[in-house]
There are 2 protein chains.
Amino acid sequence: MRALRYTGSASGDAPSVRMFSDAPDPSPGPGEALVRPVRAGVCSTDLEIVRGYMNADRDAQPITLGHEFVGVVEEFNPATPAQQELVKRLKGKRVVGSINAVCGECDMCRNGLSNHCRDRTVLGIAGRDGCFADRFCLPIVNLVAVPEGVDDDHAVFAEPLAAAMHAAHQLHFEGKPYITVLGDGRLGLLCVQVMSQLNASVRLIGKHEKKLAMCEKWGIKHRLLRDIGRRADQDVVVDCTGSPDGLRTAMQLVRPRGTILLKSTFAPRVDDPVDLSPLVVNEIELIGSRCGSISGAVRALEQRRVDVASLITSRFAFENGAKAIEAASSAEQIKVLIDF
Amino acid sequence: MRALRYTGSASGDAPSVRMFSDAPDPSPGPGEALVRPVRAGVCSTDLEIVRGYMNADRDAQPITLGHEFVGVVEEFNPATPAQQELVKRLKGKRVVGSINAVCGECDMCRNGLSNHCRDRTVLGIAGRDGCFADRFCLPIVNLVAVPEGVDDDHAVFAEPLAAAMHAAHQLHFEGKPYITVLGDGRLGLLCVQVMSQLNASVRLIGKHEKKLAMCEKWGIKHRLLRDIGRRADQDVVVDCTGSPDGLRTAMQLVRPRGTILLKSTFAPRVDDPVDLSPLVVNEIELIGSRCGSISGAVRALEQRRVDVASLITSRFAFENGAKAIEAASSAEQIKVLIDF
C-alpha cells in the first residue's frame, strides 16, 4: 500500500518525507480496527516531525505521518465483549479517533490520565504509523462515530478542535477575563473561536492580515502583532505560535499572576534562548496543553459551534501528499487537506 | 555613611560590588521610615545582581544591595493618621519588612496583588537602595515588629522564609502528594522544611552531601541528585536550583499534569537553551513564585516551626561586606550573615 513516511535523520541525512508505494499492509492487532482514511488534515506537528524538530530518539524512527483523519473501518478485531458491543455501534459509520493508543494499566491510565499513558503510542507521532496511508490501525476504543450531519470536511477537524477545546477546559477563572490568543495559524483560529464562547473578552493577535480578517465574520476582536502595546494586562494568553518569540510575547502581555496556556512546542533556539525570569518575577502560571476529547469535538461540530470549513485553504490528492505537507508550511495556507 | 553597592555594568566594565564610605545619608520620604540594620542576610538574588545577571536596564543602575534585614527604626515620617497609629506599634521594636514598596493605586494594588505593583521599587533590587548600608528607607506600612522571643539571627530569615511559605500557599492539591524540592541551597533548605509540614510525602534532592545531611535532624527524606531515577512520578517539584539544569531535572521528575513551582530565576544560557516541549507534551503546570507574607513568616519564626539557625554558616562584620558576598557564592556556604 501507499504511505507518506518521514524517513528519519538517524543516518545523518537531512530528515525528509517521501511517498512509499510498497509499504506493508497493516493488520489490526487484538482490540484494534483497520481504518481506511477518506480525508486527512496536515497539522503543524507533522511539519515539526518532517523538519526533524521532535525529540532525538523520535528522529531515529522512520514513521508514517498523519493523525487528523476521518475514515471508514474495514476490519475490526475486538478482543473483549465490551469491544464487540462497541463494534456494533461503529459498524458502517465513518469514524474519527483519539490519537493516543494507551495501555490501560499504568498509573496514568488507572488515574484518569490515559492521554498521558506511560506506554502509549501516538498515531503518526510516536511508535505508531499514522493516517497518511491507504490503511492504518487504531484501538477500537479510540474511535468515535461521525454523525450523518457532519460531512468529511468538518469531521476531519475533530482532532485539532478537541485540542482547542481542551485548552478552554484547562482554564479556571472568575468574572470576565481578558484572553488573548497569540498566533493566527490553524490552531490559533480554532482556539480563538472556542475561547470566544466563554464569558470572556477575547482577541486574536497575529501577523497575517488575511488570516486575522476571518475574525470579522465571527465577530471576534483581532489585531496585528505589530500594532499592539506590550502592557501586561491580559488575564490569559493562549500561545499557539509554536515559536520562542510567541512565548516571549505571551510573557509581555499576561498580567502578573495571570495564565499562559502553551499549546504548541518549539525547538529551543541555541542562538536565542528564552529568558524565563518573567515567569518568576510576575508569578505567572504556565500550563502545557495537548490533546482533548474527540467525542466532545464531534458534538461541537454537529452543533456547528465552530466554523472550520472557512479554514480549508487547499486540498491535495493523496498521491501528492508530499506536496500537501510542503504547502502546509507556507504562511499563506491555513488548513491543508488530503483526499483519498 | 557606608553602603555596599553594585556598581553596574552600563559602562561596559565588568559588574562588581564595592563598599562606599561616602554614600549620601538617606532621608525618609512621606510615609517612610529610616531603618538602621542590625543584621542582614545575603541572598542568591544579591549574587545574581553582582554577576550582572538581572535584566539589562537594571544592569545600568548602580544600587545599594541587600533586602534581608532586621533593624531598628531611627526616624518615622508618617503621612497619614493610619501610619501614625502604625508608628505607635512599631516604636522601639526591632523590625523586619516587605521588600516591595508599592504605589497603592495601580490596578495590581487595587486588586490585592500589591506585590506586583506596576510602579513598585524593590529594596536592594530595583529602584530602591537596599539594606547593606548604615541606614536605608522603607515605607512604614512595609514594616513588621519582631516579637521579643525571636532573636536577630532568626528574625533576619523573615524575608526568605516568607518566600518559602508563599510557595506552599501557591499549591493546591488533594490527598497526599509526592513533593520533591530540588536544590539544597539557602532557599531549598527553607522550602523543604515548609513543605514537610504539609500533608505530603516530601524529599530534598541536591548535590551536596553535607547540606542534605541537615535533613536528618528534621526527619526529612533526601537524596543525592546523581543517585535518583528520572521516573516522572512527582506530583510537585519545587525548583530552588536557580539553574537551567534544575528546570530540566524538574521536567523529568514531575508526573504528567503535575506542577513545577519555579522559585528561582536563571540567566538564559546561549550555549544550552532549555527545551520546554515536555511542558506541553506532559501538560505540566509551571508556576512562578516570588515573595510572601513577612508577618506570616514572623509568626512561624516565633512558633519555631522552621529551623533557620542551623543554616547560618558564617558571618561578617559590615565593613567586610564585599567578602560576605564573595563567601556566599561558595557552594560550601548556606546562609551568610552581615553584622552591623
# chains A, B, ... in the order shown; residues from 1 in each chain; ligands from 1
>>> interface_residues(of="chain B", to="chain A", cutoff="10 Å", atoms="only C-alpha atoms", output="ChimeraX atom specification")
/B:54-55,107-108,113,115-118,170,232-233,244,255-257,259-291
>>> residues_around(residues="A:Val156", least_positions_apart="4", cutoff="6 Å", atoms="only C-alpha atoms", output="PDB file with N, CA and C atoms, in the first residue's frame")
ATOM      1  N   PHE A  69      -7.840  12.653  10.827  1.00  0.00           N
ATOM      2  CA  PHE A  69      -8.476  11.858   9.769  1.00  0.00           C
ATOM      3  C   PHE A  69      -9.974  11.717  10.018  1.00  0.00           C
ATOM      4  N   VAL A  70     -10.680  11.449   8.925  1.00  0.00           N
ATOM      5  CA  VAL A  70     -11.979  10.803   9.027  1.00  0.00           C
ATOM      6  C   VAL A  70     -11.890   9.613   8.086  1.00  0.00           C
ATOM      7  N   ASP A 152     -17.362  15.136   5.727  1.00  0.00           N
ATOM      8  CA  ASP A 152     -15.941  14.811   5.893  1.00  0.00           C
ATOM      9  C   ASP A 152     -15.086  16.052   6.143  1.00  0.00           C
TER      10      ASP A 152
END
>>> closest_residue(among="A:Lys221, A:Thr313, A:Ser201, A:Glu302", to="A:Ala327", atoms="only C-alpha atoms")
A:Thr313
>>> atom_distance(atom1="atom CA of B:Asn142", atom2="atom CA of B:Ala101")
7.3 Å
>>> atom_distance(atom1="atom CA of A:Cys103", atom2="atom CA of A:Pro30")
12.5 Å
>>> residues_around(residues="A:Val50", least_positions_apart="2", cutoff="9 Å", atoms="only C-alpha atoms", output="JSON, numbers by chain")
{"A": [6, 7, 8, 15, 16, 17, 45, 46, 47, 48, 52, 53, 54, 65, 325]}
>>> write_last_selection(atoms="all heavy atoms", output="compact mmCIF listing (two decimals), in the first residue's frame")
# COMPACT_ATOMS: atom_id res chain seq x y z
N TYR A 6 7.92 9.82 7.07
CA TYR A 6 9.10 10.57 7.50
C TYR A 6 10.24 9.57 7.53
O TYR A 6 10.11 8.48 8.10
CB TYR A 6 8.86 11.16 8.88
CG TYR A 6 10.09 11.70 9.55
CD1 TYR A 6 10.75 12.83 9.05
CD2 TYR A 6 10.61 11.09 10.68
CE1 TYR A 6 11.87 13.32 9.67
CE2 TYR A 6 11.74 11.59 11.32
CZ TYR A 6 12.37 12.70 10.80
OH TYR A 6 13.48 13.18 11.41
N THR A 7 11.33 9.90 6.88
CA THR A 7 12.39 8.89 6.73
C THR A 7 13.49 9.03 7.78
O THR A 7 14.50 8.34 7.71
CB THR A 7 13.02 8.99 5.32
OG1 THR A 7 13.42 10.35 5.10
CG2 THR A 7 12.01 8.60 4.26
N GLY A 8 13.29 9.92 8.75
CA GLY A 8 14.22 9.97 9.88
C GLY A 8 15.52 10.67 9.54
O GLY A 8 15.82 10.96 8.39
N PRO A 15 16.50 15.13 7.42
CA PRO A 15 15.20 14.47 7.54
C PRO A 15 14.33 14.85 6.36
O PRO A 15 14.44 15.94 5.82
CB PRO A 15 14.64 15.04 8.84
CG PRO A 15 15.38 16.30 9.08
CD PRO A 15 16.72 16.13 8.46
N SER A 16 13.48 13.95 5.94
CA SER A 16 12.62 14.28 4.82
C SER A 16 11.38 13.42 4.84
O SER A 16 11.23 12.52 5.66
CB SER A 16 13.36 14.10 3.50
OG SER A 16 13.55 12.73 3.26
N VAL A 17 10.49 13.70 3.91
CA VAL A 17 9.24 12.96 3.81
C VAL A 17 9.14 12.41 2.39
O VAL A 17 9.54 13.06 1.43
CB VAL A 17 8.06 13.89 4.17
CG1 VAL A 17 7.89 15.00 3.16
CG2 VAL A 17 6.79 13.13 4.35
N THR A 45 2.32 19.75 13.83
CA THR A 45 3.17 18.70 14.39
C THR A 45 3.79 17.87 13.26
O THR A 45 4.94 17.45 13.34
CB THR A 45 2.36 17.81 15.34
OG1 THR A 45 1.80 18.64 16.36
CG2 THR A 45 3.24 16.75 15.99
N ASP A 46 3.02 17.62 12.20
CA ASP A 46 3.58 16.90 11.04
C ASP A 46 4.79 17.65 10.49
O ASP A 46 5.82 17.05 10.17
CB ASP A 46 2.52 16.76 9.93
CG ASP A 46 1.29 16.00 10.39
OD1 ASP A 46 1.45 14.97 11.07
OD2 ASP A 46 0.17 16.45 10.08
N LEU A 47 4.63 18.96 10.40
CA LEU A 47 5.73 19.77 9.84
C LEU A 47 6.95 19.73 10.76
O LEU A 47 8.08 19.65 10.29
CB LEU A 47 5.27 21.22 9.64
CG LEU A 47 3.98 21.39 8.83
CD1 LEU A 47 3.62 22.87 8.70
CD2 LEU A 47 4.11 20.76 7.44
N GLU A 48 6.69 19.75 12.06
CA GLU A 48 7.81 19.68 13.01
C GLU A 48 8.56 18.36 12.88
O GLU A 48 9.78 18.32 12.95
CB GLU A 48 7.29 19.79 14.45
CG GLU A 48 7.08 21.21 14.90
CD GLU A 48 6.88 21.25 16.41
OE1 GLU A 48 7.81 20.87 17.15
OE2 GLU A 48 5.79 21.64 16.84
N GLY A 52 12.54 17.47 11.54
CA GLY A 52 13.45 16.83 12.49
C GLY A 52 13.47 17.52 13.84
O GLY A 52 14.40 17.40 14.61
N TYR A 53 12.37 18.28 14.13
CA TYR A 53 12.34 19.07 15.37
C TYR A 53 11.89 18.26 16.58
O TYR A 53 12.03 18.71 17.71
CB TYR A 53 11.39 20.25 15.23
CG TYR A 53 11.96 21.41 14.47
CD1 TYR A 53 11.20 22.53 14.20
CD2 TYR A 53 13.28 21.40 14.02
CE1 TYR A 53 11.71 23.60 13.50
CE2 TYR A 53 13.79 22.46 13.31
CZ TYR A 53 13.01 23.57 13.06
OH TYR A 53 13.50 24.63 12.36
N MET A 54 11.27 17.10 16.35
CA MET A 54 10.81 16.34 17.50
C MET A 54 12.03 15.77 18.21
O MET A 54 13.15 15.88 17.75
CB MET A 54 9.86 15.22 17.07
CG MET A 54 8.65 15.73 16.32
SD MET A 54 7.59 16.88 17.25
CE MET A 54 6.61 15.71 18.19
N LEU A 65 3.42 9.43 8.61
CA LEU A 65 2.89 10.65 9.22
C LEU A 65 1.36 10.65 9.26
O LEU A 65 0.71 9.81 8.64
CB LEU A 65 3.38 11.86 8.44
CG LEU A 65 4.88 12.12 8.51
CD1 LEU A 65 5.27 13.20 7.50
CD2 LEU A 65 5.28 12.53 9.91
N ILE A 325 2.17 18.53 2.34
CA ILE A 325 2.97 18.91 3.51
C ILE A 325 3.80 20.14 3.21
O ILE A 325 3.91 21.05 4.04
CB ILE A 325 3.83 17.71 3.95
CG1 ILE A 325 2.90 16.69 4.61
CG2 ILE A 325 4.95 18.13 4.88
CD1 ILE A 325 3.55 15.46 5.12
>>> select_by_dssp(residues="stretch 120-164 of chain A", states="strand (DSSP E)", output="ChimeraX atom specification")
/A:121-123,127-128,136-139,143-145
>>> closest_residue(among="A:Cys215, A:Leu247, A:Ala155, A:Leu4", to="A:Asp184", atoms="only C-alpha atoms")
A:Cys215
>>> residues_around(residues="stretch 121-133 of chain B", least_positions_apart="3", cutoff="9 Å", atoms="only C-alpha atoms", output="MDAnalysis selection string")
chainID B and resid 1:5 23 35:37 40 45:46 49 54 58 61 63:69 98:102 117 136:138 318 321 338 340
>>> residues_around(residues="stretch 295-299 of chain A", least_positions_apart="6", cutoff="6 Å", atoms="only C-alpha atoms", output="list in words")
Ala158, Leu161 and Ala162 of chain A
>>> closest_residue(among="A:Lys211, A:His154, A:Arg305, A:Lys93", to="A:Met195", atoms="only C-alpha atoms")
A:Arg305
>>> atom_distance(atom1="atom CA of A:Gly29", atom2="atom CA of A:Val146")
23.3 Å
>>> decode(residues="stretch 252-264 of chain B", atoms="all heavy atoms", output="PDB file, in the first residue's frame")
ATOM      1  N   GLN B 252      11.847  16.336  34.187  1.00  0.00           N
ATOM      2  CA  GLN B 252      11.992  14.879  34.152  1.00  0.00           C
ATOM      3  C   GLN B 252      11.311  14.205  35.342  1.00  0.00           C
ATOM      4  O   GLN B 252      10.834  13.079  35.242  1.00  0.00           O
ATOM      5  CB  GLN B 252      13.480  14.492  34.162  1.00  0.00           C
ATOM      6  CG  GLN B 252      14.215  14.837  32.880  1.00  0.00           C
ATOM      7  CD  GLN B 252      15.711  14.677  33.023  1.00  0.00           C
ATOM      8  OE1 GLN B 252      16.253  14.665  34.136  1.00  0.00           O
ATOM      9  NE2 GLN B 252      16.413  14.558  31.904  1.00  0.00           N
ATOM     10  N   LEU B 253      11.294  14.882  36.487  1.00  0.00           N
ATOM     11  CA  LEU B 253      10.796  14.257  37.719  1.00  0.00           C
ATOM     12  C   LEU B 253       9.292  14.397  37.896  1.00  0.00           C
ATOM     13  O   LEU B 253       8.652  13.564  38.529  1.00  0.00           O
ATOM     14  CB  LEU B 253      11.496  14.860  38.943  1.00  0.00           C
ATOM     15  CG  LEU B 253      13.005  14.650  39.044  1.00  0.00           C
ATOM     16  CD1 LEU B 253      13.534  15.285  40.326  1.00  0.00           C
ATOM     17  CD2 LEU B 253      13.348  13.165  39.019  1.00  0.00           C
ATOM     18  N   VAL B 254       8.708  15.475  37.369  1.00  0.00           N
ATOM     19  CA  VAL B 254       7.292  15.723  37.627  1.00  0.00           C
ATOM     20  C   VAL B 254       6.442  14.803  36.760  1.00  0.00           C
ATOM     21  O   VAL B 254       6.788  14.508  35.616  1.00  0.00           O
ATOM     22  CB  VAL B 254       6.949  17.210  37.385  1.00  0.00           C
ATOM     23  CG1 VAL B 254       6.920  17.550  35.907  1.00  0.00           C
ATOM     24  CG2 VAL B 254       5.655  17.598  38.073  1.00  0.00           C
ATOM     25  N   ARG B 255       5.324  14.363  37.313  1.00  0.00           N
ATOM     26  CA  ARG B 255       4.441  13.493  36.541  1.00  0.00           C
ATOM     27  C   ARG B 255       3.656  14.315  35.524  1.00  0.00           C
ATOM     28  O   ARG B 255       3.489  15.533  35.698  1.00  0.00           O
ATOM     29  CB  ARG B 255       3.474  12.773  37.481  1.00  0.00           C
ATOM     30  CG  ARG B 255       2.458  13.690  38.142  1.00  0.00           C
ATOM     31  CD  ARG B 255       1.317  12.891  38.760  1.00  0.00           C
ATOM     32  NE  ARG B 255       0.452  13.703  39.596  1.00  0.00           N
ATOM     33  CZ  ARG B 255      -0.548  14.459  39.140  1.00  0.00           C
ATOM     34  NH1 ARG B 255      -0.794  14.530  37.846  1.00  0.00           N
ATOM     35  NH2 ARG B 255      -1.292  15.154  39.978  1.00  0.00           N
ATOM     36  N   PRO B 256       3.127  13.668  34.478  1.00  0.00           N
ATOM     37  CA  PRO B 256       2.224  14.373  33.577  1.00  0.00           C
ATOM     38  C   PRO B 256       1.090  15.031  34.376  1.00  0.00           C
ATOM     39  O   PRO B 256       0.574  14.433  35.326  1.00  0.00           O
ATOM     40  CB  PRO B 256       1.696  13.255  32.670  1.00  0.00           C
ATOM     41  CG  PRO B 256       2.809  12.251  32.642  1.00  0.00           C
ATOM     42  CD  PRO B 256       3.395  12.283  34.026  1.00  0.00           C
ATOM     43  N   ARG B 257       0.724  16.268  33.990  1.00  0.00           N
ATOM     44  CA  ARG B 257      -0.280  17.066  34.695  1.00  0.00           C
ATOM     45  C   ARG B 257       0.152  17.464  36.109  1.00  0.00           C
ATOM     46  O   ARG B 257      -0.662  17.910  36.910  1.00  0.00           O
ATOM     47  CB  ARG B 257      -1.640  16.365  34.783  1.00  0.00           C
ATOM     48  CG  ARG B 257      -2.343  16.194  33.471  1.00  0.00           C
ATOM     49  CD  ARG B 257      -3.224  17.394  33.162  1.00  0.00           C
ATOM     50  NE  ARG B 257      -3.881  17.195  31.897  1.00  0.00           N
ATOM     51  CZ  ARG B 257      -5.118  16.688  31.772  1.00  0.00           C
ATOM     52  NH1 ARG B 257      -5.819  16.401  32.829  1.00  0.00           N
ATOM     53  NH2 ARG B 257      -5.634  16.531  30.575  1.00  0.00           N
ATOM     54  N   GLY B 258       1.414  17.280  36.429  1.00  0.00           N
ATOM     55  CA  GLY B 258       1.920  17.710  37.729  1.00  0.00           C
ATOM     56  C   GLY B 258       2.292  19.185  37.710  1.00  0.00           C
ATOM     57  O   GLY B 258       2.078  19.894  36.719  1.00  0.00           O
ATOM     58  N   THR B 259       2.848  19.657  38.820  1.00  0.00           N
ATOM     59  CA  THR B 259       3.148  21.079  38.997  1.00  0.00           C
ATOM     60  C   THR B 259       4.629  21.291  39.282  1.00  0.00           C
ATOM     61  O   THR B 259       5.211  20.592  40.105  1.00  0.00           O
ATOM     62  CB  THR B 259       2.327  21.643  40.182  1.00  0.00           C
ATOM     63  OG1 THR B 259       0.939  21.464  39.906  1.00  0.00           O
ATOM     64  CG2 THR B 259       2.615  23.122  40.392  1.00  0.00           C
ATOM     65  N   ILE B 260       5.214  22.241  38.582  1.00  0.00           N
ATOM     66  CA  ILE B 260       6.562  22.710  38.916  1.00  0.00           C
ATOM     67  C   ILE B 260       6.426  24.118  39.487  1.00  0.00           C
ATOM     68  O   ILE B 260       5.846  24.991  38.847  1.00  0.00           O
ATOM     69  CB  ILE B 260       7.485  22.752  37.677  1.00  0.00           C
ATOM     70  CG1 ILE B 260       7.715  21.341  37.123  1.00  0.00           C
ATOM     71  CG2 ILE B 260       8.832  23.397  38.033  1.00  0.00           C
ATOM     72  CD1 ILE B 260       8.537  21.312  35.839  1.00  0.00           C
ATOM     73  N   LEU B 261       6.926  24.303  40.704  1.00  0.00           N
ATOM     74  CA  LEU B 261       6.999  25.650  41.270  1.00  0.00           C
ATOM     75  C   LEU B 261       8.401  26.170  40.992  1.00  0.00           C
ATOM     76  O   LEU B 261       9.392  25.579  41.430  1.00  0.00           O
ATOM     77  CB  LEU B 261       6.766  25.610  42.781  1.00  0.00           C
ATOM     78  CG  LEU B 261       5.338  25.744  43.279  1.00  0.00           C
ATOM     79  CD1 LEU B 261       5.319  25.635  44.798  1.00  0.00           C
ATOM     80  CD2 LEU B 261       4.730  27.070  42.857  1.00  0.00           C
ATOM     81  N   LEU B 262       8.481  27.264  40.278  1.00  0.00           N
ATOM     82  CA  LEU B 262       9.779  27.829  39.908  1.00  0.00           C
ATOM     83  C   LEU B 262      10.082  28.959  40.896  1.00  0.00           C
ATOM     84  O   LEU B 262       9.485  30.028  40.840  1.00  0.00           O
ATOM     85  CB  LEU B 262       9.695  28.337  38.468  1.00  0.00           C
ATOM     86  CG  LEU B 262      10.985  28.569  37.695  1.00  0.00           C
ATOM     87  CD1 LEU B 262      11.850  27.325  37.643  1.00  0.00           C
ATOM     88  CD2 LEU B 262      10.657  29.022  36.269  1.00  0.00           C
ATOM     89  N   LYS B 263      11.001  28.673  41.832  1.00  0.00           N
ATOM     90  CA  LYS B 263      11.293  29.638  42.891  1.00  0.00           C
ATOM     91  C   LYS B 263      12.437  30.565  42.524  1.00  0.00           C
ATOM     92  O   LYS B 263      12.646  31.571  43.188  1.00  0.00           O
ATOM     93  CB  LYS B 263      11.694  28.906  44.180  1.00  0.00           C
ATOM     94  CG  LYS B 263      10.570  28.365  45.016  1.00  0.00           C
ATOM     95  CD  LYS B 263       9.546  29.404  45.441  1.00  0.00           C
ATOM     96  CE  LYS B 263      10.041  30.496  46.352  1.00  0.00           C
ATOM     97  NZ  LYS B 263       8.970  31.477  46.663  1.00  0.00           N
ATOM     98  N   SER B 264      13.222  30.204  41.540  1.00  0.00           N
ATOM     99  CA  SER B 264      14.428  30.994  41.315  1.00  0.00           C
ATOM    100  C   SER B 264      14.621  31.252  39.833  1.00  0.00           C
ATOM    101  O   SER B 264      14.290  30.429  38.989  1.00  0.00           O
ATOM    102  CB  SER B 264      15.641  30.255  41.881  1.00  0.00           C
ATOM    103  OG  SER B 264      15.640  28.907  41.456  1.00  0.00           O
TER     104      SER B 264
END
